[in-house]
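Listing of start.csv, CSV, C-alpha atoms
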```csv
chain,number,residue,atom,x,y,z
F,120,MET,CA,6.1,-4.1,50.8
F,121,VAL,CA,4.7,-4.8,47.3
F,122,TYR,CA,2.0,-7.5,47.0
F,123,LEU,CA,3.9,-10.3,45.3
F,124,PRO,CA,2.2,-13.6,44.4
F,125,ALA,CA,4.8,-16.3,43.8
F,126,HIS,CA,3.9,-16.5,40.1
F,127,ASP,CA,4.7,-12.7,39.7
F,128,GLU,CA,8.1,-12.7,41.3
F,129,ALA,CA,11.0,-11.9,39.0
F,130,THR,CA,13.6,-14.4,40.0
F,131,SER,CA,16.3,-13.4,37.5
F,132,ALA,CA,18.6,-10.7,39.0
F,133,ALA,CA,19.9,-10.0,35.5
F,134,ASP,CA,16.4,-9.3,34.1
F,135,VAL,CA,15.6,-6.9,37.0
F,136,ALA,CA,19.0,-5.1,36.5
F,137,GLU,CA,18.2,-4.7,32.8
F,138,LEU,CA,14.8,-3.2,33.6
F,139,ILE,CA,16.5,-0.7,35.9
F,140,ALA,CA,19.1,0.1,33.2
F,141,VAL,CA,16.5,0.6,30.5
F,142,ASN,CA,14.1,2.6,32.7
F,143,PRO,CA,16.4,4.8,34.8
F,144,PHE,CA,13.8,7.4,35.6
F,145,ALA,CA,12.7,6.4,39.1
F,146,THR,CA,10.4,7.4,41.9
F,147,LEU,CA,12.4,8.1,45.1
F,148,ILE,CA,10.3,7.6,48.2
F,149,THR,CA,11.5,8.9,51.6
F,150,THR,CA,10.1,9.9,54.9
F,151,ASP,CA,10.9,12.5,57.6
F,152,GLY,CA,9.4,10.2,60.1
F,153,THR,CA,5.9,11.6,59.7
F,154,ALA,CA,5.1,12.2,56.0
F,155,LEU,CA,6.1,10.4,52.8
F,156,VAL,CA,7.7,12.4,50.0
F,157,ALA,CA,8.1,11.3,46.4
F,158,ASN,CA,10.7,12.7,44.0
F,159,HIS,CA,11.3,11.7,40.4
F,160,ILE,CA,14.9,11.5,39.2
F,161,PRO,CA,17.1,9.3,37.0
F,162,LEU,CA,19.3,6.9,38.9
F,163,LEU,CA,22.2,4.7,37.7
F,164,LEU,CA,22.7,1.2,39.1
F,165,GLU,CA,26.3,0.3,39.9
F,166,SER,CA,27.9,-2.9,41.3
F,167,GLY,CA,31.2,-3.0,43.1
F,168,ALA,CA,33.3,-4.6,45.8
F,169,ASP,CA,31.2,-2.8,48.4
F,170,GLY,CA,27.9,-4.0,46.9
F,171,GLU,CA,25.2,-2.6,44.7
F,172,LYS,CA,24.1,1.0,44.8
F,173,LEU,CA,22.1,3.6,42.9
F,174,ILE,CA,23.7,7.0,42.2
F,175,GLY,CA,22.2,10.3,41.1
F,176,HIS,CA,21.6,13.9,42.3
F,177,VAL,CA,18.9,16.3,43.4
F,178,ALA,CA,18.6,20.0,43.4
F,179,ARG,CA,20.2,21.7,46.4
F,180,ALA,CA,16.9,23.5,46.8
F,181,ASN,CA,15.1,20.1,47.3
F,182,ASP,CA,15.1,19.5,51.1
F,183,VAL,CA,15.1,15.7,50.7
F,184,TRP,CA,18.8,15.6,51.0
F,185,ARG,CA,18.9,17.5,54.3
F,186,GLU,CA,19.3,15.7,57.7
F,187,GLY,CA,15.9,14.5,59.0
F,188,ASN,CA,14.2,14.3,55.7
F,189,HIS,CA,15.2,10.8,54.7
F,190,GLU,CA,14.8,8.8,57.9
F,191,GLY,CA,15.2,5.0,58.0
F,192,GLU,CA,14.8,3.0,54.8
F,193,THR,CA,14.4,4.6,51.4
F,194,LEU,CA,12.4,3.0,48.6
F,195,VAL,CA,13.1,3.6,44.9
F,196,VAL,CA,10.6,2.3,42.3
F,197,PHE,CA,11.5,1.7,38.6
F,198,SER,CA,8.6,1.2,36.2
F,199,GLY,CA,9.0,-0.7,33.0
F,200,ALA,CA,6.6,-1.7,30.2
F,201,HIS,CA,3.0,-2.0,31.1
F,202,HIS,CA,-0.3,-2.6,29.3
F,203,TYR,CA,-4.0,-3.2,29.7
F,204,VAL,CA,-5.1,-6.8,29.1
F,205,SER,CA,-8.5,-7.3,27.5
F,206,PRO,CA,-10.5,-10.5,28.3
F,207,THR,CA,-11.2,-10.8,24.6
F,208,TRP,CA,-7.6,-11.8,24.0
F,209,TYR,CA,-8.0,-15.0,26.0
F,210,PRO,CA,-9.0,-18.1,24.0
F,211,SER,CA,-10.6,-19.5,27.1
F,212,LYS,CA,-13.2,-16.7,26.9
F,213,GLN,CA,-14.9,-18.7,24.1
F,214,GLU,CA,-15.1,-21.7,26.3
F,215,HIS,CA,-16.5,-20.4,29.6
F,216,HIS,CA,-16.5,-16.6,29.6
F,217,GLN,CA,-15.0,-16.7,33.2
F,218,VAL,CA,-12.4,-14.0,32.4
F,219,VAL,CA,-11.9,-10.4,33.5
F,220,PRO,CA,-9.7,-7.5,32.5
F,221,THR,CA,-6.3,-6.9,34.2
F,222,TRP,CA,-3.1,-4.9,33.8
F,223,ASN,CA,0.3,-6.5,33.2
F,224,TYR,CA,3.5,-4.7,34.1
F,225,LEU,CA,7.2,-4.9,34.9
F,226,VAL,CA,8.5,-3.1,38.0
F,227,ALA,CA,11.4,-3.2,40.4
F,228,HIS,CA,11.4,-2.0,44.0
F,229,VAL,CA,14.8,-1.1,45.4
F,230,TYR,CA,15.4,-0.6,49.2
F,231,GLY,CA,18.3,0.8,51.1
F,232,GLU,CA,20.0,3.6,53.0
F,233,LEU,CA,20.1,7.0,51.4
F,234,VAL,CA,23.6,8.5,51.7
F,235,ILE,CA,24.2,12.2,50.9
F,236,HIS,CA,27.3,13.4,49.0
F,237,ASP,CA,27.5,17.2,49.4
F,238,ASP,CA,30.9,17.0,47.7
F,239,LEU,CA,31.8,18.6,44.4
F,240,ARG,CA,34.2,15.9,43.3
F,241,TRP,CA,31.7,13.1,44.0
F,242,THR,CA,28.8,14.9,42.3
F,243,ARG,CA,30.9,15.7,39.2
F,244,GLY,CA,31.7,12.1,38.9
F,245,ALA,CA,28.1,11.0,39.3
F,246,VAL,CA,26.9,13.6,36.7
F,247,ALA,CA,29.7,12.4,34.3
F,248,LYS,CA,28.5,8.8,34.7
F,249,LEU,CA,24.9,9.6,34.2
F,250,THR,CA,25.4,11.7,31.1
F,251,GLY,CA,27.8,9.1,29.7
F,252,VAL,CA,25.1,6.5,30.0
F,253,MET,CA,22.3,8.7,28.7
F,254,GLU,CA,24.3,10.1,25.8
F,255,HIS,CA,25.8,6.7,24.8
F,256,GLY,CA,25.2,5.9,21.1
F,257,ARG,CA,24.4,9.5,20.1
F,258,ALA,CA,26.4,10.7,17.1
F,259,ASP,CA,26.7,14.1,18.7
F,260,ALA,CA,27.1,12.9,22.3
F,261,TRP,CA,27.3,15.7,24.9
F,262,HIS,CA,29.9,15.7,27.7
F,263,MET,CA,30.7,18.2,30.4
F,264,GLY,CA,33.9,19.2,28.7
F,265,GLN,CA,31.8,20.9,25.9
F,266,ALA,CA,30.5,23.5,28.4
F,267,PRO,CA,32.6,26.3,29.9
F,268,ALA,CA,34.3,25.1,33.1
F,269,ASP,CA,33.1,28.0,35.2
F,270,TYR,CA,29.5,27.4,34.0
F,271,VAL,CA,29.7,23.7,34.9
F,272,ALA,CA,31.1,24.5,38.3
F,273,GLY,CA,28.3,26.9,38.9
F,274,GLN,CA,25.7,24.3,37.9
F,275,LEU,CA,27.3,21.6,40.1
F,276,GLU,CA,27.0,23.9,43.1
F,277,LYS,CA,23.2,23.8,42.6
F,278,ILE,CA,22.9,20.0,43.1
F,279,VAL,CA,23.7,17.5,45.8
F,280,GLY,CA,24.8,13.9,45.1
F,281,ILE,CA,22.8,11.0,46.5
F,282,GLU,CA,23.6,7.3,46.8
F,283,LEU,CA,21.2,4.5,47.7
F,284,ARG,CA,23.2,1.7,49.3
F,285,ILE,CA,21.0,-1.2,48.3
F,286,SER,CA,19.8,-3.7,50.9
F,287,ARG,CA,17.4,-5.6,48.7
F,288,ILE,CA,15.7,-5.5,45.3
F,289,VAL,CA,12.3,-6.9,44.6
F,290,GLY,CA,11.2,-7.5,41.0
F,291,LYS,CA,7.6,-8.0,40.1
F,292,PHE,CA,6.8,-9.1,36.5
F,293,LYS,CA,3.1,-9.4,36.2
F,294,VAL,CA,3.0,-11.3,32.9
F,295,SER,CA,-0.1,-13.6,33.2
F,296,ALA,CA,2.2,-16.4,34.4
F,297,HIS,CA,-0.7,-18.0,36.3
F,298,ARG,CA,-2.8,-18.4,33.1
F,299,SER,CA,-2.7,-21.1,30.5
F,300,SER,CA,-0.1,-20.9,27.8
F,301,ALA,CA,-2.8,-20.2,25.2
F,302,ASP,CA,-4.3,-17.4,27.2
F,303,ARG,CA,-0.9,-15.8,27.9
F,304,GLY,CA,0.0,-16.1,24.2
F,305,GLY,CA,-3.3,-14.5,23.3
F,306,ALA,CA,-2.7,-11.6,25.7
F,307,ALA,CA,0.9,-11.1,24.4
F,308,ASP,CA,-0.4,-11.0,20.8
F,309,GLY,CA,-3.1,-8.5,21.8
F,310,ILE,CA,-0.6,-6.2,23.5
F,311,GLU,CA,1.8,-6.4,20.5
F,312,THR,CA,-1.1,-5.6,18.1
F,313,ASP,CA,-2.0,-2.6,20.2
F,314,SER,CA,1.5,-1.2,20.9
F,315,GLY,CA,4.1,-3.2,19.0
F,316,PRO,CA,7.0,-5.3,20.3
F,317,SER,CA,8.0,-4.5,23.9
F,318,PRO,CA,9.9,-6.0,26.9
F,319,LEU,CA,6.5,-6.8,28.4
F,320,VAL,CA,5.5,-9.0,25.4
F,321,ASP,CA,8.9,-10.6,25.5
F,322,ALA,CA,8.6,-11.4,29.2
F,323,MET,CA,5.1,-12.9,28.7
F,324,ARG,CA,6.4,-15.2,25.9
F,325,ALA,CA,9.5,-16.1,27.9
F,326,VAL,CA,7.3,-17.8,30.5
F,327,ASP,CA,6.7,-20.6,28.1
```

Turn the structure described in the file into structure tokens.
Amino acid sequence: MVYLPAHDEATSAADVAELIAVNPFATLITTDGTALVANHIPLLLESGADGEKLIGHVARANDVWREGNHEGETLVVFSGAHHYVSPTWYPSKQEHHQVVPTWNYLVAHVYGELVIHDDLRWTRGAVAKLTGVMEHGRADAWHMGQAPADYVAGQLEKIVGIELRISRIVGKFKVSAHRSSADRGGAADGIETDSGPSPLVDAMRAVD
């Protein structure tokens, strides 16, 4: 379980869902009962009558999908914007110098049961949804129908569908919420000067 002080807990389900949607490249953490294994794959969050789930796929050559390699609960981590915070950005430094560096970040931890879909129809649907989301807005958006049908079929045979049936989601938005408004604003300004506008800066300013 992630260390989660009360002031760092993301209480808005919509904000956490947006973080997942904007940062779909996830770390999938499983265990075979002895060792932990991490895989890095894009996953799509879906909501339906049967609850929330993540869908995606892995290479057939990746043993994570095989029985015994994803025992018990699975954890998926989505990492959003993050940045170093310099003590020099806090106005309070000029008053007492009792400040230290830290790192602010936005993350979501998603827990649930990993379900395997070694089924061509399901996997095709998952790939279509994923590419539809990733290609959205592109002038020359790609879709599976642009590739030869036999080629697509051959590629689909090389992957296996996965679905995480979500039991809980924990969002941690470390945004200097425990500091004064002035210090938090100074840190937000410093991050924006370093890296430009970002969801992290927006989240820090939204605390006020």

Please build the interface table for region 216-299 of chain F against region 132-138 of chain F with a cut-off of 10 Å, listing for each qualifying residue the nearest atom pair and the distance in Å to one decimal; count all atoms listed in the file, order rows by chain and increasing number, and write it as CSV.
```
residue,atom,partner,partner_atom,distance
F:Leu225,CA,F:Leu138,CA,7.9
F:Val226,CA,F:Leu138,CA,7.7
F:Ala227,CA,F:Val135,CA,6.5
F:His228,CA,F:Val135,CA,9.5
F:Ile288,CA,F:Val135,CA,8.4
F:Val289,CA,F:Val135,CA,8.3
F:Gly290,CA,F:Val135,CA,6.0
F:Lys291,CA,F:Val135,CA,8.6
F:Phe292,CA,F:Val135,CA,9.1
```

Residues within 10 Å of Val156 (chain F), all atoms listed in the file, excluding chain neighbours under 5 positions, as a CSV table (one decimal) with C-alpha atoms, keeping the file's coordinate frame:
```csv
chain,number,residue,atom,x,y,z
F,146,THR,CA,10.4,7.4,41.9
F,147,LEU,CA,12.4,8.1,45.1
F,148,ILE,CA,10.3,7.6,48.2
F,149,THR,CA,11.5,8.9,51.6
F,150,THR,CA,10.1,9.9,54.9
F,151,ASP,CA,10.9,12.5,57.6
F,183,VAL,CA,15.1,15.7,50.7
F,188,ASN,CA,14.2,14.3,55.7
F,189,HIS,CA,15.2,10.8,54.7
```

Could you give me, as a tab-separated table (two decimals) with C-alpha atoms, keeping the file's coordinate frame, the residues within 12 Å of Val141 (chain F), counting all atoms listed in the file and dropping anything in the same chain fewer than 6 positions from it?
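This went into out21.tsv:
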```tsv
chain	number	residue	atom	x	y	z
F	134	ASP	CA	16.40	-9.30	34.10
F	135	VAL	CA	15.60	-6.90	37.00
F	161	PRO	CA	17.10	9.30	37.00
F	162	LEU	CA	19.30	6.90	38.90
F	163	LEU	CA	22.20	4.70	37.70
F	164	LEU	CA	22.70	1.20	39.10
F	197	PHE	CA	11.50	1.70	38.60
F	198	SER	CA	8.60	1.20	36.20
F	199	GLY	CA	9.00	-0.70	33.00
F	200	ALA	CA	6.60	-1.70	30.20
F	225	LEU	CA	7.20	-4.90	34.90
F	226	VAL	CA	8.50	-3.10	38.00
F	227	ALA	CA	11.40	-3.20	40.40
F	252	VAL	CA	25.10	6.50	30.00
F	253	MET	CA	22.30	8.70	28.70
F	317	SER	CA	8.00	-4.50	23.90
F	318	PRO	CA	9.90	-6.00	26.90
```

### Task
Could you tell me which of F:Leu275, F:Val177, F:Ile281, F:Val204 comes closest to His236 (chain F) if we count all atoms listed in the file?
F:Ile281

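Of the residues under consideration (F:Met263, F:Val218, F:Ala247, F:Ile285), F:Ile285 shows the shortest atom-to-atom contact distance to Gly167 (chain F) when counting all atoms listed in the file.
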
### Within 12 Å of Arg303 (chain F) using all atoms listed in the file, minus same-chain residues under 4 positions, as JSON, numbers by chain
{"F": [204, 205, 206, 207, 208, 209, 210, 211, 223, 293, 294, 295, 296, 297, 298, 299, 307, 308, 309, 310, 319, 320, 321, 322, 323, 324, 325, 326, 327]}
